[in-house]
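Q: Below you'll find the structure I mean.
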Amino acid sequence: MIDIDYSKYKPNLKLKKEGDKHYIFDPIRQKYLILQPEEVVRQLVLEYLIKEKGYKKTHLRTEMMVTINTRRKRCDILAFDEATKPWLLVECKAAYVPISQDTFDQIARYNLALGVEYLVLTNGLETYCCKMNHESETYDFLEEVPEFYF
């Protein structure tokens with residue numbers, strides 16, 4: 001498990017209230033979304049990737065559609081390299097959702113369609129990062145999320 005304090009990015013989040021609804025701004029999609037616990041984690045992770053790891057907004061997508069066995073799913077965060085090849089996939093869960101084998105299986109299924117080099121799984125409290133070896137169909141847990149170097 002990687003120790004990341006996402007709470008330090010909370011001041012960077014843009015929130016607003018309209019009537020009785022609360023919203024959070026997604027800088028990648030450039031729009032406000034209904035404030036949900038998982039969305040807060042996603043936006044905190046984006047801030048971390050951009051501010052700490054050097055990821056460029058132009059190389060990030062959120063809620064991108066992926067087809068897995070004819071079923072359409074949305075992956076939380078996807079980072080692309082300079083050739084626009086998917087490079088890093090992040091699956092976010094709400095803080096109250098434990099990271100379990102089921103959540104690892106979910107991100108692994110998404111990766112069958114994407115073939116990224118790195119997987120990150122977080123609920124904002126626990127974060128795991130794996131480097132994939134597609135030839136041997138294995139992975140290694142890493143001690144940190146990779147820097148964006150493209």
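Every chain in the structure tokens has a letter given in the order shown (A, B, ...), and although residue numbers restart at 1 in each chain, ligands are simply numbered from 1 in the order shown.
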Excluding region 133-144 of chain A and any residue of its chain fewer than 3 positions from it, enumerate the residues within 10 Å of it, using only C-alpha atoms, and give them as a ChimeraX atom specification.
A: /A:1-4,112,115-120,127-130,147
Q: Selected residues, C-alpha atoms, written as a compact mmCIF listing (two decimals), in the first residue's frame, please.
A:
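Once written, again-v8.txt looks like this:
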```
# COMPACT_ATOMS: atom_id res chain seq x y z
CA MET A 1 0.00 0.00 0.00
CA ILE A 2 1.19 3.51 -0.84
CA ASP A 3 0.81 6.23 1.78
CA ILE A 4 -0.70 9.28 0.05
CA LEU A 112 -7.96 -6.42 -20.65
CA GLY A 115 -3.51 -2.90 -21.91
CA VAL A 116 -1.99 -0.16 -19.74
CA GLU A 117 1.40 -0.43 -18.10
CA TYR A 118 0.27 0.79 -14.65
CA LEU A 119 -2.83 0.23 -12.52
CA VAL A 120 -3.78 2.38 -9.53
CA THR A 127 -3.84 3.28 -2.56
CA TYR A 128 -2.20 0.48 -4.50
CA CYS A 129 -0.17 0.72 -7.69
CA CYS A 130 0.94 -2.18 -9.90
CA GLU A 147 5.90 10.16 -12.47
```
Q: Region 58-112 of chain A near region 14-27 of chain A within 12 Å: what's each residue's closest atom pair and its distance in Å to one decimal, counting only C-alpha atoms, ordered by chain then ascending residue number, as CSV?
A:
```
residue,atom,partner,partner_atom,distance
A:Thr58,CA,A:Pro27,CA,10.4
A:Leu60,CA,A:Pro27,CA,10.0
A:Arg61,CA,A:Pro27,CA,9.9
A:Thr62,CA,A:Asp26,CA,8.5
A:Glu63,CA,A:Asp26,CA,10.5
A:Asp76,CA,A:Asp26,CA,11.8
A:Ile77,CA,A:Asp26,CA,11.4
```
Q: Based on the selection just made, write N, CA and C atoms of those residues as a PDB file, in the first residue's frame.
A:
```
ATOM      1  N   THR A  58      -3.934  17.503 -20.493  1.00  0.00           N
ATOM      2  CA  THR A  58      -4.198  17.086 -21.874  1.00  0.00           C
ATOM      3  C   THR A  58      -3.959  15.592 -22.102  1.00  0.00           C
ATOM      4  N   LEU A  60      -4.931  13.301 -19.752  1.00  0.00           N
ATOM      5  CA  LEU A  60      -5.818  12.625 -18.808  1.00  0.00           C
ATOM      6  C   LEU A  60      -7.253  12.646 -19.310  1.00  0.00           C
ATOM      7  N   ARG A  61      -7.971  11.568 -19.046  1.00  0.00           N
ATOM      8  CA  ARG A  61      -9.408  11.492 -19.321  1.00  0.00           C
ATOM      9  C   ARG A  61     -10.090  10.921 -18.082  1.00  0.00           C
ATOM     10  N   THR A  62     -11.297  11.404 -17.830  1.00  0.00           N
ATOM     11  CA  THR A  62     -12.091  10.856 -16.732  1.00  0.00           C
ATOM     12  C   THR A  62     -13.380  10.272 -17.294  1.00  0.00           C
ATOM     13  N   GLU A  63     -13.843   9.216 -16.641  1.00  0.00           N
ATOM     14  CA  GLU A  63     -15.097   8.558 -17.028  1.00  0.00           C
ATOM     15  C   GLU A  63     -15.088   8.176 -18.508  1.00  0.00           C
ATOM     16  N   ASP A  76     -12.422   5.311 -14.379  1.00  0.00           N
ATOM     17  CA  ASP A  76     -12.384   6.563 -13.633  1.00  0.00           C
ATOM     18  C   ASP A  76     -11.383   7.566 -14.187  1.00  0.00           C
ATOM     19  N   ILE A  77     -10.123   7.172 -14.257  1.00  0.00           N
ATOM     20  CA  ILE A  77      -9.072   8.063 -14.777  1.00  0.00           C
ATOM     21  C   ILE A  77      -8.172   7.233 -15.682  1.00  0.00           C
TER      22      ILE A  77
END
```
Q: Of the residues A:Glu38, A:Lys85, A:Gly124, A:Phe150, which is the one nearest to Tyr9 (chain A), using only C-alpha atoms?
A: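 That would be A:Gly124, the residue with the smallest distance to Tyr9 (chain A).
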Q: Would you mind listing what lies within 10 Å of Tyr48 (chain A) as a ChimeraX atom specification, with only C-alpha atoms counted and same-chain residues fewer than 6 positions away left out?
A: /A:4-9,42,54-55
Q: Residues of the last selection are to be written out with N, CA and C atoms, as a PDB file, in the first residue's frame.
A:
```
ATOM      1  N   ILE A   4      -0.480   7.982   0.698  1.00  0.00           N
ATOM      2  CA  ILE A   4      -0.698   9.281   0.052  1.00  0.00           C
ATOM      3  C   ILE A   4      -1.737  10.038   0.867  1.00  0.00           C
ATOM      4  N   ASP A   5      -1.408  11.269   1.234  1.00  0.00           N
ATOM      5  CA  ASP A   5      -2.347  12.111   1.969  1.00  0.00           C
ATOM      6  C   ASP A   5      -3.097  13.000   0.981  1.00  0.00           C
ATOM      7  N   TYR A   6      -4.217  12.489   0.475  1.00  0.00           N
ATOM      8  CA  TYR A   6      -5.003  13.245  -0.498  1.00  0.00           C
ATOM      9  C   TYR A   6      -5.687  14.454   0.134  1.00  0.00           C
ATOM     10  N   SER A   7      -5.837  14.456   1.453  1.00  0.00           N
ATOM     11  CA  SER A   7      -6.576  15.542   2.109  1.00  0.00           C
ATOM     12  C   SER A   7      -5.927  16.909   1.877  1.00  0.00           C
ATOM     13  N   LYS A   8      -4.633  16.937   1.610  1.00  0.00           N
ATOM     14  CA  LYS A   8      -3.979  18.224   1.394  1.00  0.00           C
ATOM     15  C   LYS A   8      -4.411  18.888   0.087  1.00  0.00           C
ATOM     16  N   TYR A   9      -5.091  18.148  -0.774  1.00  0.00           N
ATOM     17  CA  TYR A   9      -5.575  18.705  -2.042  1.00  0.00           C
ATOM     18  C   TYR A   9      -7.017  19.200  -1.949  1.00  0.00           C
ATOM     19  N   ARG A  42     -12.007  10.832  -6.878  1.00  0.00           N
ATOM     20  CA  ARG A  42     -11.480  11.001  -8.233  1.00  0.00           C
ATOM     21  C   ARG A  42     -10.825  12.375  -8.404  1.00  0.00           C
ATOM     22  N   GLY A  54       3.261  15.356 -12.002  1.00  0.00           N
ATOM     23  CA  GLY A  54       3.548  15.996 -13.267  1.00  0.00           C
ATOM     24  C   GLY A  54       2.683  15.591 -14.448  1.00  0.00           C
ATOM     25  N   TYR A  55       1.539  14.986 -14.179  1.00  0.00           N
ATOM     26  CA  TYR A  55       0.646  14.593 -15.274  1.00  0.00           C
ATOM     27  C   TYR A  55       0.033  15.839 -15.898  1.00  0.00           C
TER      28      TYR A  55
END
```
Q: Grab the CA of Lys56 (chain A) to CA of Pro37 (chain A) distance for me, in Å with one decimal place.
A: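 These atoms are spaced 24.3 Å apart.
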Q: Would you return as a PyMOL selection string the members of chain A that DSSP assigns to strand (DSSP E or B) on this structure's backbone?
A: chain A and resi 2+15-18+21-26+31-34+60-68+71-80+86-92+118-122+127-133+138-141
Q: Which neighbours of region 71-74 of chain A fall inside 12 Å, counting only C-alpha atoms, when residues of the same chain fewer than 2 positions from it are skipped, and could you give them as a PyMOL selection string?
A: chain A and resi 61-69+76-78+89-92+106-107+109-111+113-114
Q: Give me a file of those residues, with N, CA and C atoms, as a short mmCIF file (atom, residue, chain, number, x, y, z; two decimals), in the first residue's frame.
A:
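So the final result, stored in result27.cif, reads:
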```
data_model
loop_
_atom_site.label_atom_id
_atom_site.label_comp_id
_atom_site.auth_asym_id
_atom_site.auth_seq_id
_atom_site.Cartn_x
_atom_site.Cartn_y
_atom_site.Cartn_z
N ARG A 61 -7.97 11.57 -19.05
CA ARG A 61 -9.41 11.49 -19.32
C ARG A 61 -10.09 10.92 -18.08
N THR A 62 -11.30 11.40 -17.83
CA THR A 62 -12.09 10.86 -16.73
C THR A 62 -13.38 10.27 -17.29
N GLU A 63 -13.84 9.22 -16.64
CA GLU A 63 -15.10 8.56 -17.03
C GLU A 63 -15.09 8.18 -18.51
N MET A 64 -13.98 7.63 -18.96
CA MET A 64 -13.86 7.23 -20.36
C MET A 64 -14.53 5.88 -20.58
N MET A 65 -15.29 5.79 -21.66
CA MET A 65 -16.02 4.57 -21.99
C MET A 65 -15.06 3.49 -22.47
N VAL A 66 -15.24 2.27 -21.95
CA VAL A 66 -14.45 1.10 -22.33
C VAL A 66 -15.44 -0.03 -22.59
N THR A 67 -15.22 -0.79 -23.66
CA THR A 67 -16.08 -1.94 -23.96
C THR A 67 -15.37 -3.21 -23.52
N ILE A 68 -16.04 -3.96 -22.65
CA ILE A 68 -15.50 -5.20 -22.11
C ILE A 68 -16.53 -6.29 -22.36
N ASN A 69 -16.18 -7.26 -23.23
CA ASN A 69 -17.11 -8.34 -23.57
C ASN A 69 -18.49 -7.80 -23.97
N ASP A 76 -12.42 5.31 -14.38
CA ASP A 76 -12.38 6.56 -13.63
C ASP A 76 -11.38 7.57 -14.19
N ILE A 77 -10.12 7.17 -14.26
CA ILE A 77 -9.07 8.06 -14.78
C ILE A 77 -8.17 7.23 -15.68
N LEU A 78 -7.87 7.78 -16.84
CA LEU A 78 -6.96 7.13 -17.77
C LEU A 78 -5.94 8.15 -18.24
N LEU A 89 -4.03 3.48 -15.59
CA LEU A 89 -5.47 3.40 -15.31
C LEU A 89 -5.69 3.50 -13.81
N VAL A 90 -6.61 4.39 -13.41
CA VAL A 90 -6.93 4.57 -11.99
C VAL A 90 -8.39 4.21 -11.77
N GLU A 91 -8.64 3.36 -10.80
CA GLU A 91 -10.00 3.05 -10.37
C GLU A 91 -10.19 3.64 -8.98
N CYS A 92 -11.20 4.49 -8.85
CA CYS A 92 -11.48 5.16 -7.58
C CYS A 92 -12.75 4.59 -6.96
N GLN A 106 -12.03 -5.91 -10.88
CA GLN A 106 -12.68 -4.91 -11.73
C GLN A 106 -11.66 -4.17 -12.58
N ILE A 107 -10.61 -3.66 -11.96
CA ILE A 107 -9.61 -2.89 -12.72
C ILE A 107 -8.87 -3.81 -13.69
N ARG A 109 -10.19 -6.37 -15.29
CA ARG A 109 -11.10 -6.54 -16.44
C ARG A 109 -11.01 -5.33 -17.37
N TYR A 110 -11.00 -4.14 -16.80
CA TYR A 110 -10.87 -2.93 -17.62
C TYR A 110 -9.56 -2.97 -18.39
N ASN A 111 -8.53 -3.46 -17.75
CA ASN A 111 -7.22 -3.45 -18.39
C ASN A 111 -7.11 -4.48 -19.51
N ALA A 113 -9.11 -4.66 -21.87
CA ALA A 113 -9.45 -3.88 -23.05
C ALA A 113 -8.44 -2.78 -23.33
N LEU A 114 -7.73 -2.32 -22.30
CA LEU A 114 -6.85 -1.15 -22.45
C LEU A 114 -5.37 -1.50 -22.59
#
```
Q: Enumerate the residues of chain A with a DSSP assignment of helix (DSSP H, G or I), computed from the backbone, and present them as a ChimeraX atom specification.
A: /A:6-12,37-53,57-59,101-114
Q: Those same residues - C-alpha atoms - I'd like them written as a PDB file, in the first residue's frame.
A:
```pdb
ATOM      1  CA  TYR A   6      -5.003  13.245  -0.498  1.00  0.00           C
ATOM      2  CA  SER A   7      -6.576  15.542   2.109  1.00  0.00           C
ATOM      3  CA  LYS A   8      -3.979  18.224   1.394  1.00  0.00           C
ATOM      4  CA  TYR A   9      -5.575  18.705  -2.042  1.00  0.00           C
ATOM      5  CA  LYS A  10      -9.058  19.433  -0.664  1.00  0.00           C
ATOM      6  CA  PRO A  11      -8.491  23.235  -0.787  1.00  0.00           C
ATOM      7  CA  ASN A  12      -7.890  22.883  -4.560  1.00  0.00           C
ATOM      8  CA  PRO A  37     -18.194  10.332  -2.438  1.00  0.00           C
ATOM      9  CA  GLU A  38     -16.436   8.541  -5.312  1.00  0.00           C
ATOM     10  CA  GLU A  39     -16.260  11.782  -7.312  1.00  0.00           C
ATOM     11  CA  VAL A  40     -14.461  13.501  -4.422  1.00  0.00           C
ATOM     12  CA  VAL A  41     -11.838  10.729  -4.441  1.00  0.00           C
ATOM     13  CA  ARG A  42     -11.480  11.001  -8.233  1.00  0.00           C
ATOM     14  CA  GLN A  43     -10.924  14.763  -8.073  1.00  0.00           C
ATOM     15  CA  LEU A  44      -8.405  14.429  -5.222  1.00  0.00           C
ATOM     16  CA  VAL A  45      -6.480  11.810  -7.199  1.00  0.00           C
ATOM     17  CA  LEU A  46      -6.459  14.095 -10.245  1.00  0.00           C
ATOM     18  CA  GLU A  47      -5.015  16.915  -8.132  1.00  0.00           C
ATOM     19  CA  TYR A  48      -2.335  14.544  -6.817  1.00  0.00           C
ATOM     20  CA  LEU A  49      -1.413  13.300 -10.305  1.00  0.00           C
ATOM     21  CA  ILE A  50      -1.205  16.821 -11.718  1.00  0.00           C
ATOM     22  CA  LYS A  51       0.454  18.611  -8.767  1.00  0.00           C
ATOM     23  CA  GLU A  52       2.768  15.875  -7.441  1.00  0.00           C
ATOM     24  CA  LYS A  53       3.459  13.557 -10.358  1.00  0.00           C
ATOM     25  CA  LYS A  57      -4.379  17.604 -18.117  1.00  0.00           C
ATOM     26  CA  THR A  58      -4.198  17.086 -21.874  1.00  0.00           C
ATOM     27  CA  HIS A  59      -3.045  13.500 -21.260  1.00  0.00           C
ATOM     28  CA  GLN A 101     -10.115  -8.723  -4.481  1.00  0.00           C
ATOM     29  CA  ASP A 102     -13.342  -7.686  -6.240  1.00  0.00           C
ATOM     30  CA  THR A 103     -11.996  -4.174  -6.830  1.00  0.00           C
ATOM     31  CA  PHE A 104      -8.707  -5.603  -8.149  1.00  0.00           C
ATOM     32  CA  ASP A 105     -10.700  -7.900 -10.442  1.00  0.00           C
ATOM     33  CA  GLN A 106     -12.678  -4.915 -11.733  1.00  0.00           C
ATOM     34  CA  ILE A 107      -9.612  -2.894 -12.722  1.00  0.00           C
ATOM     35  CA  ALA A 108      -8.018  -6.034 -14.224  1.00  0.00           C
ATOM     36  CA  ARG A 109     -11.097  -6.540 -16.439  1.00  0.00           C
ATOM     37  CA  TYR A 110     -10.870  -2.934 -17.616  1.00  0.00           C
ATOM     38  CA  ASN A 111      -7.221  -3.454 -18.388  1.00  0.00           C
ATOM     39  CA  LEU A 112      -7.961  -6.417 -20.648  1.00  0.00           C
ATOM     40  CA  ALA A 113      -9.454  -3.876 -23.047  1.00  0.00           C
ATOM     41  CA  LEU A 114      -6.849  -1.154 -22.452  1.00  0.00           C
TER      42      LEU A 114
END
```
Q: As an exercise, work out the distance from CA of Lys93 (chain A) to CA of Leu125 (chain A) in Å and give it to one decimal place.
A: 9.8 Å
